[in-house]
file start-v4.cif (mmCIF, N, CA, C and O atoms)
data_final
loop_
_atom_site.label_atom_id
_atom_site.label_comp_id
_atom_site.auth_asym_id
_atom_site.auth_seq_id
_atom_site.Cartn_x
_atom_site.Cartn_y
_atom_site.Cartn_z
N MET F 1 -7.69 10.92 10.66
CA MET F 1 -6.60 10.10 10.20
C MET F 1 -6.81 9.77 8.73
O MET F 1 -7.89 9.37 8.33
N ARG F 2 -5.79 9.92 7.94
CA ARG F 2 -5.89 9.65 6.51
C ARG F 2 -5.64 8.19 6.24
O ARG F 2 -4.78 7.57 6.82
N THR F 3 -6.41 7.66 5.30
CA THR F 3 -6.21 6.28 4.92
C THR F 3 -5.22 6.22 3.77
O THR F 3 -4.92 7.23 3.14
N ALA F 4 -4.73 5.04 3.49
CA ALA F 4 -3.76 4.87 2.40
C ALA F 4 -4.37 5.25 1.06
O ALA F 4 -3.70 5.78 0.20
N ARG F 5 -5.66 4.99 0.89
CA ARG F 5 -6.31 5.31 -0.38
C ARG F 5 -6.36 6.81 -0.62
O ARG F 5 -6.18 7.28 -1.73
N LYS F 6 -6.62 7.59 0.41
CA LYS F 6 -6.74 9.03 0.25
C LYS F 6 -5.39 9.72 0.19
O LYS F 6 -5.30 10.84 -0.29
N SER F 7 -4.35 9.09 0.68
CA SER F 7 -3.05 9.76 0.69
C SER F 7 -2.25 9.48 -0.58
O SER F 7 -1.16 9.98 -0.72
N ARG F 8 -2.81 8.69 -1.49
CA ARG F 8 -2.11 8.39 -2.74
C ARG F 8 -1.94 9.67 -3.56
O ARG F 8 -2.89 10.41 -3.74
N PRO F 9 -0.76 9.93 -4.05
CA PRO F 9 -0.57 11.13 -4.88
C PRO F 9 -1.43 11.05 -6.13
O PRO F 9 -1.50 10.02 -6.78
N ARG F 10 -2.06 12.14 -6.47
CA ARG F 10 -2.96 12.17 -7.61
C ARG F 10 -2.23 11.92 -8.93
O ARG F 10 -2.81 11.42 -9.86
N ILE F 11 -0.97 12.29 -9.01
CA ILE F 11 -0.23 12.12 -10.26
C ILE F 11 -0.05 10.64 -10.58
O ILE F 11 0.14 10.26 -11.73
N SER F 12 -0.12 9.77 -9.59
CA SER F 12 0.03 8.33 -9.84
C SER F 12 -1.20 7.76 -10.53
O SER F 12 -1.15 6.63 -11.02
N TYR F 13 -2.30 8.50 -10.59
CA TYR F 13 -3.48 8.03 -11.30
C TYR F 13 -3.16 7.77 -12.77
O TYR F 13 -3.72 6.87 -13.38
N ALA F 14 -2.27 8.55 -13.35
CA ALA F 14 -1.89 8.34 -14.74
C ALA F 14 -1.27 6.96 -14.92
O ALA F 14 -1.61 6.23 -15.86
N ALA F 15 -0.39 6.59 -14.03
CA ALA F 15 0.26 5.28 -14.12
C ALA F 15 -0.75 4.15 -13.91
O ALA F 15 -0.71 3.13 -14.60
N LEU F 16 -1.68 4.34 -12.99
CA LEU F 16 -2.69 3.32 -12.75
C LEU F 16 -3.62 3.15 -13.95
O LEU F 16 -3.96 2.04 -14.33
N LEU F 17 -4.00 4.27 -14.55
CA LEU F 17 -4.86 4.19 -15.73
C LEU F 17 -4.13 3.57 -16.91
O LEU F 17 -4.71 2.76 -17.66
N ARG F 18 -2.86 3.91 -17.10
CA ARG F 18 -2.08 3.30 -18.19
C ARG F 18 -1.95 1.80 -17.98
O ARG F 18 -2.07 1.01 -18.92
N ALA F 19 -1.70 1.40 -16.75
CA ALA F 19 -1.55 -0.03 -16.46
C ALA F 19 -2.86 -0.78 -16.70
O ALA F 19 -2.84 -1.96 -17.06
N ALA F 20 -3.98 -0.09 -16.51
CA ALA F 20 -5.28 -0.72 -16.74
C ALA F 20 -5.68 -0.69 -18.21
O ALA F 20 -6.75 -1.17 -18.57
N GLY F 21 -4.84 -0.09 -19.06
CA GLY F 21 -5.11 -0.07 -20.49
C GLY F 21 -5.83 1.17 -20.98
O GLY F 21 -6.20 1.25 -22.15
N ASP F 22 -6.02 2.16 -20.12
CA ASP F 22 -6.73 3.38 -20.50
C ASP F 22 -5.71 4.44 -20.92
O ASP F 22 -5.57 5.49 -20.31
N THR F 23 -4.99 4.16 -22.00
CA THR F 23 -3.90 5.05 -22.43
C THR F 23 -4.40 6.29 -23.15
O THR F 23 -3.76 7.34 -23.09
N ARG F 24 -5.54 6.19 -23.81
CA ARG F 24 -6.06 7.34 -24.55
C ARG F 24 -6.43 8.49 -23.61
O ARG F 24 -6.15 9.65 -23.90
N THR F 25 -7.04 8.18 -22.49
CA THR F 25 -7.42 9.21 -21.52
C THR F 25 -6.18 9.90 -20.97
O THR F 25 -6.15 11.13 -20.84
N VAL F 26 -5.16 9.13 -20.65
CA VAL F 26 -3.93 9.70 -20.10
C VAL F 26 -3.25 10.59 -21.13
O VAL F 26 -2.80 11.70 -20.82
N MET F 27 -3.20 10.14 -22.38
CA MET F 27 -2.59 10.94 -23.43
C MET F 27 -3.36 12.24 -23.66
O MET F 27 -2.78 13.31 -23.79
N THR F 28 -4.68 12.16 -23.69
CA THR F 28 -5.51 13.34 -23.89
C THR F 28 -5.32 14.35 -22.76
O THR F 28 -5.16 15.55 -23.00
N ALA F 29 -5.30 13.88 -21.52
CA ALA F 29 -5.10 14.77 -20.38
C ALA F 29 -3.71 15.41 -20.44
O ALA F 29 -3.55 16.59 -20.13
N SER F 30 -2.71 14.65 -20.87
CA SER F 30 -1.36 15.18 -20.97
C SER F 30 -1.26 16.25 -22.04
O SER F 30 -0.66 17.31 -21.83
N VAL F 31 -1.84 16.00 -23.21
CA VAL F 31 -1.79 16.97 -24.30
C VAL F 31 -2.53 18.25 -23.93
O VAL F 31 -2.04 19.36 -24.15
N ILE F 32 -3.71 18.10 -23.33
CA ILE F 32 -4.48 19.27 -22.91
C ILE F 32 -3.70 20.08 -21.88
O ILE F 32 -3.60 21.31 -21.99
N SER F 33 -3.13 19.41 -20.90
CA SER F 33 -2.36 20.12 -19.86
C SER F 33 -1.11 20.78 -20.42
O SER F 33 -0.76 21.89 -20.04
N ASP F 34 -0.44 20.08 -21.33
CA ASP F 34 0.79 20.62 -21.92
C ASP F 34 0.52 21.89 -22.72
O ASP F 34 1.15 22.92 -22.50
N TYR F 35 -0.42 21.80 -23.66
CA TYR F 35 -0.60 22.89 -24.60
C TYR F 35 -1.49 24.03 -24.09
O TYR F 35 -1.44 25.12 -24.63
N THR F 36 -2.31 23.78 -23.08
CA THR F 36 -3.13 24.87 -22.55
C THR F 36 -2.51 25.55 -21.35
O THR F 36 -2.84 26.69 -21.06
N LEU F 37 -1.62 24.85 -20.64
CA LEU F 37 -1.09 25.43 -19.41
C LEU F 37 0.44 25.43 -19.33
O LEU F 37 1.03 26.47 -19.11
N LEU F 38 1.07 24.29 -19.51
CA LEU F 38 2.52 24.19 -19.27
C LEU F 38 3.33 25.08 -20.21
O LEU F 38 4.15 25.89 -19.75
N ILE F 39 3.11 24.96 -21.49
CA ILE F 39 3.92 25.73 -22.45
C ILE F 39 3.65 27.24 -22.33
O ILE F 39 4.60 28.02 -22.18
N PRO F 40 2.39 27.69 -22.36
CA PRO F 40 2.17 29.14 -22.24
C PRO F 40 2.60 29.71 -20.90
O PRO F 40 3.20 30.79 -20.83
N LEU F 41 2.33 28.99 -19.81
CA LEU F 41 2.69 29.50 -18.50
C LEU F 41 4.20 29.49 -18.30
O LEU F 41 4.76 30.39 -17.65
N SER F 42 4.90 28.51 -18.85
CA SER F 42 6.36 28.49 -18.77
C SER F 42 6.95 29.70 -19.47
O SER F 42 7.87 30.35 -18.96
N TRP F 43 6.43 30.01 -20.65
CA TRP F 43 6.92 31.18 -21.37
C TRP F 43 6.59 32.46 -20.60
O TRP F 43 7.44 33.33 -20.44
N LEU F 44 5.35 32.55 -20.10
CA LEU F 44 4.92 33.75 -19.40
C LEU F 44 5.75 33.99 -18.13
O LEU F 44 6.25 35.10 -17.92
N LEU F 45 5.89 32.96 -17.31
CA LEU F 45 6.61 33.13 -16.05
C LEU F 45 8.12 33.10 -16.22
O LEU F 45 8.84 33.89 -15.60
N GLY F 46 8.61 32.18 -17.03
CA GLY F 46 10.04 32.01 -17.16
C GLY F 46 10.73 33.09 -17.97
O GLY F 46 11.79 33.58 -17.58
N ILE F 47 10.13 33.48 -19.09
CA ILE F 47 10.79 34.43 -19.99
C ILE F 47 10.20 35.83 -19.86
O ILE F 47 10.92 36.80 -19.57
N HIS F 48 8.89 35.93 -20.03
CA HIS F 48 8.27 37.26 -20.05
C HIS F 48 8.32 37.95 -18.68
O HIS F 48 8.64 39.13 -18.59
N ALA F 49 8.02 37.21 -17.60
CA ALA F 49 8.05 37.80 -16.26
C ALA F 49 9.47 37.82 -15.69
O ALA F 49 9.70 38.43 -14.64
N GLY F 50 10.40 37.13 -16.33
CA GLY F 50 11.79 37.16 -15.90
C GLY F 50 12.09 36.31 -14.67
O GLY F 50 13.12 36.50 -14.03
N LEU F 51 11.24 35.34 -14.37
CA LEU F 51 11.49 34.49 -13.20
C LEU F 51 12.50 33.38 -13.48
O LEU F 51 13.04 32.78 -12.56
N GLY F 52 12.72 33.06 -14.74
CA GLY F 52 13.69 32.02 -15.09
C GLY F 52 13.24 30.64 -14.65
O GLY F 52 12.09 30.27 -14.79
N LEU F 53 14.18 29.89 -14.10
CA LEU F 53 13.90 28.52 -13.69
C LEU F 53 12.81 28.41 -12.62
O LEU F 53 11.96 27.51 -12.71
N PRO F 54 12.77 29.27 -11.61
CA PRO F 54 11.66 29.19 -10.65
C PRO F 54 10.29 29.37 -11.33
O PRO F 54 9.31 28.75 -10.92
N GLY F 55 10.21 30.20 -12.37
CA GLY F 55 8.97 30.35 -13.11
C GLY F 55 8.57 29.07 -13.82
O GLY F 55 7.39 28.72 -13.88
N LEU F 56 9.58 28.35 -14.33
CA LEU F 56 9.30 27.06 -14.97
C LEU F 56 8.81 26.03 -13.95
O LEU F 56 7.93 25.23 -14.24
N TYR F 57 9.39 26.07 -12.75
CA TYR F 57 8.94 25.16 -11.70
C TYR F 57 7.50 25.47 -11.30
O TYR F 57 6.70 24.55 -11.05
N LEU F 58 7.14 26.73 -11.23
CA LEU F 58 5.76 27.10 -10.93
C LEU F 58 4.81 26.62 -12.03
O LEU F 58 3.71 26.13 -11.74
N ALA F 59 5.22 26.76 -13.27
CA ALA F 59 4.41 26.29 -14.39
C ALA F 59 4.26 24.77 -14.34
O ALA F 59 3.17 24.23 -14.60
N TRP F 60 5.33 24.08 -13.99
CA TRP F 60 5.27 22.62 -13.90
C TRP F 60 4.32 22.19 -12.78
O TRP F 60 3.57 21.21 -12.92
N THR F 61 4.33 22.90 -11.67
CA THR F 61 3.41 22.59 -10.57
C THR F 61 1.96 22.80 -11.00
O THR F 61 1.09 21.98 -10.69
N ALA F 62 1.70 23.88 -11.71
CA ALA F 62 0.34 24.12 -12.21
C ALA F 62 -0.06 23.04 -13.21
O ALA F 62 -1.21 22.58 -13.22
N PHE F 63 0.87 22.62 -14.05
CA PHE F 63 0.61 21.53 -15.00
C PHE F 63 0.21 20.26 -14.26
O PHE F 63 -0.76 19.59 -14.62
N ALA F 64 0.97 19.90 -13.23
CA ALA F 64 0.69 18.68 -12.47
C ALA F 64 -0.68 18.75 -11.81
O ALA F 64 -1.41 17.75 -11.76
N ALA F 65 -1.07 19.93 -11.32
CA ALA F 65 -2.38 20.09 -10.70
C ALA F 65 -3.49 19.89 -11.73
O ALA F 65 -4.47 19.17 -11.48
N LEU F 66 -3.38 20.51 -12.89
CA LEU F 66 -4.40 20.37 -13.93
C LEU F 66 -4.44 18.93 -14.46
O LEU F 66 -5.52 18.36 -14.64
N TYR F 67 -3.29 18.34 -14.67
CA TYR F 67 -3.20 16.96 -15.15
C TYR F 67 -3.91 16.01 -14.19
O TYR F 67 -4.68 15.16 -14.59
N SER F 68 -3.67 16.20 -12.91
CA SER F 68 -4.31 15.37 -11.89
C SER F 68 -5.81 15.59 -11.87
O SER F 68 -6.59 14.63 -11.78
N LEU F 69 -6.23 16.84 -11.95
CA LEU F 69 -7.67 17.13 -11.93
C LEU F 69 -8.39 16.53 -13.14
O LEU F 69 -9.55 16.13 -13.03
N LEU F 70 -7.72 16.46 -14.26
CA LEU F 70 -8.33 15.84 -15.43
C LEU F 70 -8.43 14.33 -15.32
O LEU F 70 -9.32 13.71 -15.89
N LEU F 71 -7.51 13.72 -14.57
CA LEU F 71 -7.49 12.26 -14.47
C LEU F 71 -8.33 11.69 -13.33
O LEU F 71 -8.74 10.54 -13.40
N VAL F 72 -8.59 12.47 -12.31
CA VAL F 72 -9.33 11.96 -11.15
C VAL F 72 -10.71 11.41 -11.52
O VAL F 72 -11.06 10.31 -11.09
N PRO F 73 -11.52 12.11 -12.33
CA PRO F 73 -12.83 11.54 -12.66
C PRO F 73 -12.74 10.21 -13.41
O PRO F 73 -13.52 9.30 -13.15
N HIS F 74 -11.77 10.09 -14.30
CA HIS F 74 -11.61 8.82 -15.04
C HIS F 74 -11.16 7.71 -14.11
O HIS F 74 -11.61 6.57 -14.24
N TYR F 75 -10.28 8.04 -13.18
CA TYR F 75 -9.83 7.04 -12.20
C TYR F 75 -11.00 6.57 -11.36
O TYR F 75 -11.19 5.37 -11.16
N ARG F 76 -11.79 7.50 -10.88
CA ARG F 76 -12.92 7.13 -10.02
C ARG F 76 -13.95 6.30 -10.77
O ARG F 76 -14.53 5.38 -10.21
N ARG F 77 -14.20 6.63 -12.03
CA ARG F 77 -15.14 5.84 -12.82
C ARG F 77 -14.60 4.44 -13.08
O ARG F 77 -15.34 3.47 -13.02
N ARG F 78 -13.32 4.37 -13.36
CA ARG F 78 -12.72 3.08 -13.72
C ARG F 78 -12.61 2.15 -12.51
O ARG F 78 -12.83 0.95 -12.61
N PHE F 79 -12.24 2.69 -11.37
CA PHE F 79 -11.99 1.88 -10.18
C PHE F 79 -13.00 2.11 -9.08
O PHE F 79 -12.69 1.90 -7.91
N ALA F 80 -14.20 2.54 -9.43
CA ALA F 80 -15.23 2.82 -8.42
C ALA F 80 -15.73 1.52 -7.81
O ALA F 80 -15.87 0.50 -8.48
N ARG F 81 -16.00 1.59 -6.54
CA ARG F 81 -16.60 0.46 -5.83
C ARG F 81 -17.97 0.90 -5.33
O ARG F 81 -18.18 2.06 -5.02
N SER F 82 -18.86 -0.05 -5.20
CA SER F 82 -20.20 0.28 -4.72
C SER F 82 -20.19 0.54 -3.21
O SER F 82 -21.09 1.17 -2.69
N GLY F 83 -19.22 0.08 -2.53
CA GLY F 83 -19.13 0.28 -1.09
C GLY F 83 -17.80 -0.20 -0.58
O GLY F 83 -16.92 -0.58 -1.35
N PRO F 84 -17.62 -0.18 0.73
CA PRO F 84 -16.35 -0.66 1.28
C PRO F 84 -16.18 -2.15 1.05
O PRO F 84 -17.16 -2.90 0.96
N ARG F 85 -14.94 -2.57 0.94
CA ARG F 85 -14.66 -4.00 0.76
C ARG F 85 -15.05 -4.76 2.02
O ARG F 85 -14.76 -4.32 3.13
N PRO F 86 -15.68 -5.93 1.85
CA PRO F 86 -16.01 -6.72 3.05
C PRO F 86 -14.73 -7.30 3.64
O PRO F 86 -13.82 -7.71 2.93
N ARG F 87 -14.68 -7.32 4.94
CA ARG F 87 -13.53 -7.91 5.64
C ARG F 87 -13.69 -9.41 5.66
O ARG F 87 -14.78 -9.92 5.88
N PRO F 88 -12.60 -10.15 5.46
CA PRO F 88 -12.71 -11.61 5.51
C PRO F 88 -13.00 -12.06 6.94
O PRO F 88 -12.44 -11.53 7.91
N ALA F 89 -13.89 -13.02 7.07
CA ALA F 89 -14.25 -13.53 8.38
C ALA F 89 -13.16 -14.47 8.87
O ALA F 89 -12.57 -15.23 8.11
N ALA F 90 -12.87 -14.40 10.16
CA ALA F 90 -11.87 -15.29 10.76
C ALA F 90 -12.50 -16.67 10.93
O ALA F 90 -13.65 -16.81 11.35
N ARG F 91 -11.74 -17.70 10.56
CA ARG F 91 -12.25 -19.06 10.68
C ARG F 91 -11.92 -19.60 12.06
O ARG F 91 -10.89 -19.27 12.64
N ALA F 92 -12.77 -20.46 12.57
CA ALA F 92 -12.55 -21.05 13.89
C ALA F 92 -11.80 -22.37 13.75
O ALA F 92 -12.02 -23.12 12.80
N ASP F 93 -10.91 -22.66 14.69
CA ASP F 93 -10.20 -23.94 14.65
C ASP F 93 -10.99 -25.00 15.42
O ASP F 93 -12.15 -24.80 15.77
N ALA F 94 -10.38 -26.13 15.70
CA ALA F 94 -11.08 -27.25 16.32
C ALA F 94 -11.64 -26.90 17.70
O ALA F 94 -12.67 -27.40 18.10
N GLU F 95 -10.94 -26.05 18.47
CA GLU F 95 -11.41 -25.70 19.81
C GLU F 95 -12.49 -24.62 19.77
O GLU F 95 -13.08 -24.31 20.79
N GLY F 96 -12.70 -24.02 18.63
CA GLY F 96 -13.75 -23.02 18.51
C GLY F 96 -13.25 -21.59 18.69
O GLY F 96 -14.03 -20.67 18.62
N SER F 97 -11.96 -21.40 18.92
CA SER F 97 -11.45 -20.04 19.06
C SER F 97 -11.11 -19.51 17.67
O SER F 97 -10.65 -20.26 16.82
N ALA F 98 -11.35 -18.24 17.48
CA ALA F 98 -11.08 -17.64 16.17
C ALA F 98 -9.63 -17.17 16.13
O ALA F 98 -9.22 -16.34 16.91
N ARG F 99 -8.87 -17.75 15.24
CA ARG F 99 -7.49 -17.33 15.04
C ARG F 99 -7.31 -17.05 13.56
O ARG F 99 -7.38 -17.98 12.76
N PRO F 100 -7.07 -15.78 13.19
CA PRO F 100 -6.92 -15.45 11.77
C PRO F 100 -5.76 -16.21 11.14
O PRO F 100 -4.70 -16.35 11.73
N GLY F 101 -6.00 -16.72 9.96
CA GLY F 101 -4.95 -17.41 9.22
C GLY F 101 -4.88 -18.89 9.50
O GLY F 101 -4.23 -19.62 8.79
N LEU F 102 -5.51 -19.34 10.55
CA LEU F 102 -5.52 -20.78 10.86
C LEU F 102 -6.94 -21.26 10.77
O LEU F 102 -7.83 -20.80 11.48
N GLY F 103 -7.18 -22.23 9.96
CA GLY F 103 -8.54 -22.74 9.82
C GLY F 103 -8.58 -24.23 9.96
O GLY F 103 -7.70 -24.93 9.48
N GLY F 104 -9.61 -24.70 10.57
CA GLY F 104 -9.84 -26.13 10.69
C GLY F 104 -8.92 -26.79 11.70
O GLY F 104 -8.05 -26.18 12.32
N PRO F 105 -9.12 -28.07 11.88
CA PRO F 105 -8.31 -28.82 12.86
C PRO F 105 -6.88 -29.00 12.35
O PRO F 105 -6.63 -28.94 11.16
N PRO F 106 -5.93 -29.20 13.25
CA PRO F 106 -4.54 -29.38 12.84
C PRO F 106 -4.38 -30.68 12.03
O PRO F 106 -5.10 -31.63 12.22
N ALA F 107 -3.43 -30.67 11.11
CA ALA F 107 -3.15 -31.84 10.27
C ALA F 107 -2.51 -32.93 11.11
O ALA F 107 -1.72 -32.67 11.99
N ARG F 108 -2.84 -34.20 10.82
CA ARG F 108 -2.28 -35.31 11.58
C ARG F 108 -1.32 -36.09 10.76
O ARG F 108 -1.27 -36.28 9.68
#
call {"tool": "encode", "arguments": {"input": "start-v4.cif", "output": "structure tokens"}}
result
Amino acid sequence: MRTARKSRPRISYAALLRAAGDTRTVMTASVISDYTLLIPLSWLLGIHAGLGLPGLYLAWTAFAALYSLLLVPHYRRRFARSGPRPRPAARADAEGSARPGLGGPPAR
């Protein structure tokens, strides 16, 4: 079973890094992906190979894959945790039964 953390689309890492203030990394990954893969592959597939728009879509997919691969290490470094988050302990009420969200004796 996949968890919510693992099912997050990799392309959203760019938005998370930008929101955290790491704009230089996102810009660098974008420029590298654009000029090394997207533009040459779009020309090669779309014009030279004669695929047209489907060739551009293939180039865009390859761009997104490279862009994501460049951002994943920065995301993991920036948001790395030493281990799983501890679960909050349930507090016991006056009778001693554990009921999440209710703590202590009732107000009088």
call {"tool": "residues_around", "arguments": {"input": "start-v4.cif", "residues": "stretch 40-52 of chain F", "least_positions_apart": "6", "cutoff": "9 Å", "atoms": "only C-alpha atoms", "output": "NGL selection string"}}
result
:F and (34 or 58-60 or 62-63)
call {"tool": "atom_distance", "arguments": {"input": "start-v4.cif", "atom1": "atom C of F:Arg81", "atom2": "atom C of F:Val26"}}
result
23.7 Å
call {"tool": "atom_distance", "arguments": {"input": "start-v4.cif", "atom1": "atom O of F:Pro73", "atom2": "atom C of F:Gly55"}}
result
29.7 Å
call {"tool": "closest_residue", "arguments": {"input": "start-v4.cif", "among": "F:Leu56, F:Arg87, F:Ile39, F:His74", "to": "F:Asp22", "atoms": "only C-alpha atoms"}}
result
F:His74
call {"tool": "atom_distance", "arguments": {"input": "start-v4.cif", "atom1": "atom CA of F:Ser33", "atom2": "atom CA of F:Leu66"}}
result
6.3 Å
call {"tool": "residues_around", "arguments": {"input": "start-v4.cif", "residues": "stretch 12-17 of chain F", "least_positions_apart": "3", "cutoff": "10 Å", "atoms": "only C-alpha atoms", "output": "list in words"}}
result
Arg8, Pro9, Ala20, Gly21, Asp22, Thr23, Arg24, Thr25, Val26, Met27, Ala29, Ser30, Tyr67, Ser68, Leu70, Leu71, Val72, His74, Tyr75, Arg76, Arg78 and Phe79 of chain F
call {"tool": "decode", "arguments": {"input": "start-v4.cif", "residues": "stretch 3-83 of chain F", "atoms": "C-alpha atoms", "output": "CSV table (one decimal), in the first residue's frame"}}
result
chain,number,residue,atom,x,y,z
F,3,THR,CA,1.5,6.2,1.6
F,4,ALA,CA,0.6,9.8,0.8
F,5,ARG,CA,4.2,10.8,1.0
F,6,LYS,CA,5.3,8.3,-1.7
F,7,SER,CA,2.4,9.0,-4.0
F,8,ARG,CA,3.2,12.7,-4.3
F,9,PRO,CA,4.0,13.7,-7.8
F,10,ARG,CA,7.7,14.4,-8.2
F,11,ILE,CA,7.0,17.6,-10.2
F,12,SER,CA,5.5,19.2,-7.1
F,13,TYR,CA,8.9,19.1,-5.5
F,14,ALA,CA,9.7,22.3,-7.5
F,15,ALA,CA,6.7,24.1,-5.9
F,16,LEU,CA,7.7,22.9,-2.4
F,17,LEU,CA,11.3,24.0,-2.8
F,18,ARG,CA,10.2,27.4,-4.1
F,19,ALA,CA,7.9,27.8,-1.2
F,20,ALA,CA,10.7,27.0,1.2
F,21,GLY,CA,12.8,29.7,-0.4
F,22,ASP,CA,15.1,27.4,-2.5
F,23,THR,CA,14.5,29.2,-5.8
F,24,ARG,CA,18.1,29.0,-7.1
F,25,THR,CA,18.0,25.2,-7.2
F,26,VAL,CA,14.6,25.1,-9.0
F,27,MET,CA,15.8,27.7,-11.5
F,28,THR,CA,19.1,25.7,-12.1
F,29,ALA,CA,17.2,22.4,-12.6
F,30,SER,CA,14.8,24.1,-15.0
F,31,VAL,CA,17.5,25.7,-17.1
F,32,ILE,CA,19.5,22.5,-17.3
F,33,SER,CA,16.4,20.5,-18.3
F,34,ASP,CA,15.3,23.0,-20.8
F,35,TYR,CA,18.5,23.5,-22.7
F,36,THR,CA,19.9,20.0,-22.5
F,37,LEU,CA,16.8,18.0,-23.1
F,38,LEU,CA,13.5,19.9,-23.9
F,39,ILE,CA,14.7,22.2,-26.7
F,40,PRO,CA,16.9,19.7,-28.6
F,41,LEU,CA,14.5,16.8,-28.2
F,42,SER,CA,11.6,18.9,-29.3
F,43,TRP,CA,13.4,19.8,-32.4
F,44,LEU,CA,14.6,16.3,-33.0
F,45,LEU,CA,11.2,14.6,-32.5
F,46,GLY,CA,8.9,17.3,-33.6
F,47,ILE,CA,10.6,18.6,-36.7
F,48,HIS,CA,13.4,16.3,-37.8
F,49,ALA,CA,11.6,13.0,-37.1
F,50,GLY,CA,8.3,14.4,-38.4
F,51,LEU,CA,6.3,13.5,-35.3
F,52,GLY,CA,4.9,17.0,-34.9
F,53,LEU,CA,2.9,17.7,-31.8
F,54,PRO,CA,3.1,14.1,-30.4
F,55,GLY,CA,6.9,14.5,-30.6
F,56,LEU,CA,6.7,17.7,-28.6
F,57,TYR,CA,4.6,15.9,-26.0
F,58,LEU,CA,7.2,13.1,-25.8
F,59,ALA,CA,10.0,15.7,-25.3
F,60,TRP,CA,7.9,17.4,-22.6
F,61,THR,CA,7.5,14.1,-20.8
F,62,ALA,CA,11.3,13.5,-20.9
F,63,PHE,CA,11.8,17.1,-19.6
F,64,ALA,CA,9.5,16.5,-16.7
F,65,ALA,CA,11.3,13.3,-15.8
F,66,LEU,CA,14.8,14.9,-15.9
F,67,TYR,CA,13.5,18.0,-14.0
F,68,SER,CA,12.1,15.8,-11.3
F,69,LEU,CA,15.2,13.7,-11.0
F,70,LEU,CA,17.3,16.8,-10.6
F,71,LEU,CA,15.0,18.1,-7.8
F,72,VAL,CA,14.5,14.9,-5.7
F,73,PRO,CA,18.0,15.0,-4.0
F,74,HIS,CA,17.5,18.6,-3.0
F,75,TYR,CA,14.0,17.9,-1.7
F,76,ARG,CA,15.2,15.0,0.3
F,77,ARG,CA,18.1,17.0,1.8
F,78,ARG,CA,15.9,20.0,2.6
F,79,PHE,CA,13.0,18.0,4.1
F,80,ALA,CA,14.8,15.0,5.5
F,81,ARG,CA,13.8,13.5,8.8
F,82,SER,CA,15.9,11.4,11.0
F,83,GLY,CA,13.0,8.9,11.5
